[in-house]
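K.L.:
Take a look at this one; I'll ask things after.
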Amino acid sequence: MVIYPDIEIQNGRCVNLHRGHMEDPIVYDVSPLQAAQQHVAQGAQVLHVVDLDNVMRGGHDNHKTVLEIIQAVDVPVQVGGGIRTIEGARWWFEHGASRVVIGTAAIEDRHFLHELCNHYPGQVVVSIDARQNKVMCHGWTEETIYSPLEMAKDLQDHGVAAIIYTDIDLDEDHPEATFAMTTQMVAELNIPVISSGTIKTLDDISTLRLLPNIAGVVVGRALMNGAVALADALGVCQQADTHAEFV
C-alpha cells in the first residue's frame, strides 16, 4: 500500500479544508514547498498535490507553487484541482507532473475523460467523493444520483489508471461511517483503488492495509498536524509490502 502525502494549496499557502469548506481552511505554518521537501526527506515515494483555488475556478494562481514542488523533489508528483481540458492536462505533463487527477470534469463529461485517457494512458486518475452513498461534485457542494461504485465501474471502462475514493462521511467523522464502500470498490474494480479522507491515526492505516488489494491512501491532515508520522505510516505499509510501487 502506497502512502500519498497530500499537499493542498490555497492562496499559495499549505492548507487543509475542514469538512470541505473552502472559506474556512486550516492554514499550516509551512510553505507547500517545505511540506513537500519534508515528506520526501521522511521517505515519501510519491506526492499528491491539489490546487484548491483552481477547483472553484478562481482565486490565487498556484501554478508556480506547484511547479516549484515538481522541480524540487525527485519523486513522482500527481497534480489535481480544476483540470477540465486536454490542454490543461497537457500543460502539467509537459511541466513534469507524473499523473493528473480529474474530479468533477470526469464525472460530467465522459467524452473529455475518454479523450484524455487515450492521449495519456496510465496517467489519468479520477477522484470520486461520496456522501451517504451518493457521488458529490463541485467541491462537495452538489449531489448526483450516482452511487460511488456504479460511477467507478463506469469510469474504469473509459481507461482511467486508478480511482481515488474519498468517503466524506469518514472524513467528517460520521458516527456510522465505515470502510464498507472502500472494501467493496477494491473487491469489484479491476483498477487500483486509493483511499482518501480515511486516516486520522496510525491504527487507521493498519486497518486499511488489511483490505485485500488496496493500492494506496492519501494522507493529509493527519501528517500535517502530527497525528501520524510519515515514517511510522511507511513502516506499517512495509509490514505487508517489501516494496511499494507507484500505482
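Numbering starts fresh at 1 for the residues of each chain in the C-alpha cells, the chains themselves are lettered A, B, ... in the order given, and ligands are numbered from 1 as they appear.
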Please report, as CSV, each residue of range 34-141 of chain A lying at most 9 Å from range 211-230 of chain A, together with the nearest pair of atoms and the separation in Å rounded to one decimal; use only C-alpha atoms, and order rows by chain and ascending residue number.

P.N.:
```
residue,atom,partner,partner_atom,distance
A:Ala35,CA,A:Met224,CA,8.3
A:His39,CA,A:Leu230,CA,7.3
A:Gln42,CA,A:Leu230,CA,6.6
A:Gly43,CA,A:Leu230,CA,7.5
A:Ala44,CA,A:Leu230,CA,7.7
A:Leu47,CA,A:Val218,CA,9.0
A:His48,CA,A:Val218,CA,7.3
```

K.L.:
Would you export the selected residues with C-alpha atoms as a short mmCIF file (atom, residue, chain, number, x, y, z; two decimals), in the first residue's frame, please?

P.N.:
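Wrote result.cif, looks like this:
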```cif
data_model
loop_
_atom_site.label_atom_id
_atom_site.label_comp_id
_atom_site.auth_asym_id
_atom_site.auth_seq_id
_atom_site.Cartn_x
_atom_site.Cartn_y
_atom_site.Cartn_z
CA ALA A 35 5.97 20.42 3.22
CA HIS A 39 7.67 14.47 3.14
CA GLN A 42 11.00 11.31 5.51
CA GLY A 43 10.64 8.67 2.81
CA ALA A 44 7.65 9.61 0.64
CA LEU A 47 3.25 13.23 -3.66
CA HIS A 48 -0.38 14.20 -4.19
#
```

K.L.:
Which residues of range 184-233 of chain A come within 12 Å of range 157-168 of chain A, and for each one, what is the closest pair of atoms and their distance in Å to one decimal, counting only C-alpha atoms, sorted by chain and residue number, as CSV?

P.N.:
```
residue,atom,partner,partner_atom,distance
A:Gln184,CA,A:Tyr165,CA,11.4
A:Met185,CA,A:Tyr165,CA,8.8
A:Val186,CA,A:Ile163,CA,9.8
A:Leu189,CA,A:Ile163,CA,9.3
A:Asn190,CA,A:Ala162,CA,9.3
A:Ile191,CA,A:Ala162,CA,5.6
A:Pro192,CA,A:Ala162,CA,4.8
A:Val193,CA,A:Ile163,CA,5.0
A:Ile194,CA,A:Ile164,CA,4.6
A:Ser195,CA,A:Tyr165,CA,5.1
A:Ser196,CA,A:Thr166,CA,4.6
A:Gly197,CA,A:Thr166,CA,5.5
A:Thr198,CA,A:Asp167,CA,7.1
A:Ile199,CA,A:Thr166,CA,10.8
A:Ile214,CA,A:Ile163,CA,10.9
A:Ala215,CA,A:Ala162,CA,8.9
A:Gly216,CA,A:Ile164,CA,8.8
A:Val217,CA,A:Ile164,CA,8.3
A:Val218,CA,A:Ile164,CA,8.2
A:Val219,CA,A:Thr166,CA,11.1
```

K.L.:
Determine which residues of range 5-247 of chain A DSSP labels as strand (DSSP E) from the backbone of this structure, then write them out as a ChimeraX atom specification.

P.N.:
/A:5-10,13-17,25-27,47-51,77-80,99-102,124-131,134-137,142-143,162-167,193-196,216-219

K.L.:
Could you name the residues that touch Ser206 in chain A at 12 Å or less, counting only C-alpha atoms, but leaving out those on the same chain fewer than 2 positions away, as a PDB file with N, CA and C atoms, in the first residue's frame?

P.N.:
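Output saved as around.pdb:
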```pdb
ATOM      1  N   MET A   1       0.849  -1.197   0.000  1.00  0.00           N
ATOM      2  CA  MET A   1       0.000   0.000   0.000  1.00  0.00           C
ATOM      3  C   MET A   1       0.883   1.246   0.000  1.00  0.00           C
ATOM      4  N   THR A 198      -9.655   8.947   5.043  1.00  0.00           N
ATOM      5  CA  THR A 198      -9.924   7.873   5.998  1.00  0.00           C
ATOM      6  C   THR A 198      -8.940   7.818   7.161  1.00  0.00           C
ATOM      7  N   ILE A 199      -7.849   8.566   7.080  1.00  0.00           N
ATOM      8  CA  ILE A 199      -6.770   8.390   8.051  1.00  0.00           C
ATOM      9  C   ILE A 199      -6.727   9.524   9.069  1.00  0.00           C
ATOM     10  N   LYS A 200      -6.878   9.153  10.316  1.00  0.00           N
ATOM     11  CA  LYS A 200      -6.711  10.109  11.423  1.00  0.00           C
ATOM     12  C   LYS A 200      -5.659   9.647  12.416  1.00  0.00           C
ATOM     13  N   THR A 201      -5.433   8.341  12.470  1.00  0.00           N
ATOM     14  CA  THR A 201      -4.446   7.771  13.379  1.00  0.00           C
ATOM     15  C   THR A 201      -3.667   6.676  12.661  1.00  0.00           C
ATOM     16  N   LEU A 202      -2.586   6.237  13.281  1.00  0.00           N
ATOM     17  CA  LEU A 202      -1.800   5.149  12.714  1.00  0.00           C
ATOM     18  C   LEU A 202      -2.616   3.861  12.667  1.00  0.00           C
ATOM     19  N   ASP A 203      -3.519   3.684  13.620  1.00  0.00           N
ATOM     20  CA  ASP A 203      -4.377   2.496  13.615  1.00  0.00           C
ATOM     21  C   ASP A 203      -5.247   2.444  12.363  1.00  0.00           C
ATOM     22  N   ASP A 204      -5.659   3.607  11.862  1.00  0.00           N
ATOM     23  CA  ASP A 204      -6.459   3.632  10.631  1.00  0.00           C
ATOM     24  C   ASP A 204      -5.660   3.082   9.460  1.00  0.00           C
ATOM     25  N   LEU A 208      -6.685  -0.138   7.228  1.00  0.00           N
ATOM     26  CA  LEU A 208      -6.834  -0.032   5.777  1.00  0.00           C
ATOM     27  C   LEU A 208      -5.898  -0.995   5.058  1.00  0.00           C
ATOM     28  N   ARG A 209      -4.710  -1.166   5.576  1.00  0.00           N
ATOM     29  CA  ARG A 209      -3.724  -2.045   4.948  1.00  0.00           C
ATOM     30  C   ARG A 209      -4.222  -3.484   4.845  1.00  0.00           C
ATOM     31  N   LEU A 210      -5.119  -3.857   5.736  1.00  0.00           N
ATOM     32  CA  LEU A 210      -5.615  -5.232   5.744  1.00  0.00           C
ATOM     33  C   LEU A 210      -6.626  -5.508   4.637  1.00  0.00           C
ATOM     34  N   LEU A 211      -7.126  -4.458   3.972  1.00  0.00           N
ATOM     35  CA  LEU A 211      -8.056  -4.678   2.862  1.00  0.00           C
ATOM     36  C   LEU A 211      -7.302  -5.325   1.706  1.00  0.00           C
ATOM     37  N   ILE A 214      -5.864  -3.226  -1.646  1.00  0.00           N
ATOM     38  CA  ILE A 214      -5.917  -1.769  -1.581  1.00  0.00           C
ATOM     39  C   ILE A 214      -4.588  -1.220  -2.106  1.00  0.00           C
ATOM     40  N   VAL A 217      -3.208   5.103  -0.078  1.00  0.00           N
ATOM     41  CA  VAL A 217      -4.041   6.002   0.710  1.00  0.00           C
ATOM     42  C   VAL A 217      -3.440   7.396   0.678  1.00  0.00           C
ATOM     43  N   VAL A 228      -0.047  11.551  12.784  1.00  0.00           N
ATOM     44  CA  VAL A 228       0.632  10.396  12.197  1.00  0.00           C
ATOM     45  C   VAL A 228       1.993  10.848  11.689  1.00  0.00           C
ATOM     46  N   ASP A 232       6.371   6.291  10.482  1.00  0.00           N
ATOM     47  CA  ASP A 232       5.581   5.223  11.102  1.00  0.00           C
ATOM     48  C   ASP A 232       4.571   4.649  10.116  1.00  0.00           C
ATOM     49  N   ALA A 233       3.940   5.528   9.335  1.00  0.00           N
ATOM     50  CA  ALA A 233       2.960   5.075   8.341  1.00  0.00           C
ATOM     51  C   ALA A 233       3.619   4.183   7.299  1.00  0.00           C
ATOM     52  N   LEU A 234       4.788   4.590   6.836  1.00  0.00           N
ATOM     53  CA  LEU A 234       5.511   3.784   5.858  1.00  0.00           C
ATOM     54  C   LEU A 234       5.921   2.446   6.464  1.00  0.00           C
ATOM     55  N   GLY A 235       6.276   2.464   7.735  1.00  0.00           N
ATOM     56  CA  GLY A 235       6.640   1.227   8.409  1.00  0.00           C
ATOM     57  C   GLY A 235       5.489   0.245   8.471  1.00  0.00           C
ATOM     58  N   VAL A 236       4.289   0.743   8.735  1.00  0.00           N
ATOM     59  CA  VAL A 236       3.107  -0.117   8.759  1.00  0.00           C
ATOM     60  C   VAL A 236       2.877  -0.736   7.384  1.00  0.00           C
ATOM     61  N   CYS A 237       3.002   0.065   6.345  1.00  0.00           N
ATOM     62  CA  CYS A 237       2.786  -0.444   4.988  1.00  0.00           C
ATOM     63  C   CYS A 237       3.818  -1.502   4.617  1.00  0.00           C
ATOM     64  N   GLN A 238       5.042  -1.313   5.066  1.00  0.00           N
ATOM     65  CA  GLN A 238       6.106  -2.248   4.708  1.00  0.00           C
ATOM     66  C   GLN A 238       5.989  -3.576   5.433  1.00  0.00           C
ATOM     67  N   GLN A 239       5.117  -3.648   6.421  1.00  0.00           N
ATOM     68  CA  GLN A 239       4.867  -4.935   7.067  1.00  0.00           C
ATOM     69  C   GLN A 239       4.246  -5.919   6.087  1.00  0.00           C
ATOM     70  N   ALA A 240       3.559  -5.368   5.089  1.00  0.00           N
ATOM     71  CA  ALA A 240       2.916  -6.227   4.094  1.00  0.00           C
ATOM     72  C   ALA A 240       3.636  -6.184   2.763  1.00  0.00           C
TER      73      ALA A 240
END
```

K.L.:
In Å, how far is it from CA of Pro25 in chain A to CA of Leu170 in chain A?

P.N.:
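It comes out at 18.4 Å.
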
K.L.:
So which one's closest to Gly139 in chain A, A:Val126, A:Val55, A:Leu17, A:Ile205? Using only C-alpha atoms, please.

P.N.:
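Selected residue with least distance to Gly139 in chain A: A:Val55.
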
K.L.:
Quick check for you: according to DSSP on this backbone, which residues of range 56-219 of chain A are classed as alpha helix (DSSP H)? Reply as a PyMOL selection string.

P.N.:
chain A and resi 63-72+86-94+104-108+110-119+148-156+168-171+180-188+202-209

K.L.:
Can you work out which one of A:Glu108, A:Asp129, A:Glu142, A:Asp61 has the shortest atom-to-atom distance to Thr182 in chain A, counting only C-alpha atoms?

P.N.:
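Answer, going by the shortest atom-to-atom distance: A:Asp129.
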
K.L.:
Of the candidates A:Leu113, A:Val46, A:Met56, A:Val124, which one gets nearest to Trp140 in chain A if we count only C-alpha atoms?

P.N.:
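Closest to Trp140 in chain A, using only C-alpha atoms: A:Met56.
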
K.L.:
Between CA of Ala36 in chain A and CA of Pro76 in chain A, what distance in Å does the model show, to one decimal?

P.N.:
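Separating CA of Ala36 in chain A from CA of Pro76 in chain A is a distance of 11.4 Å.
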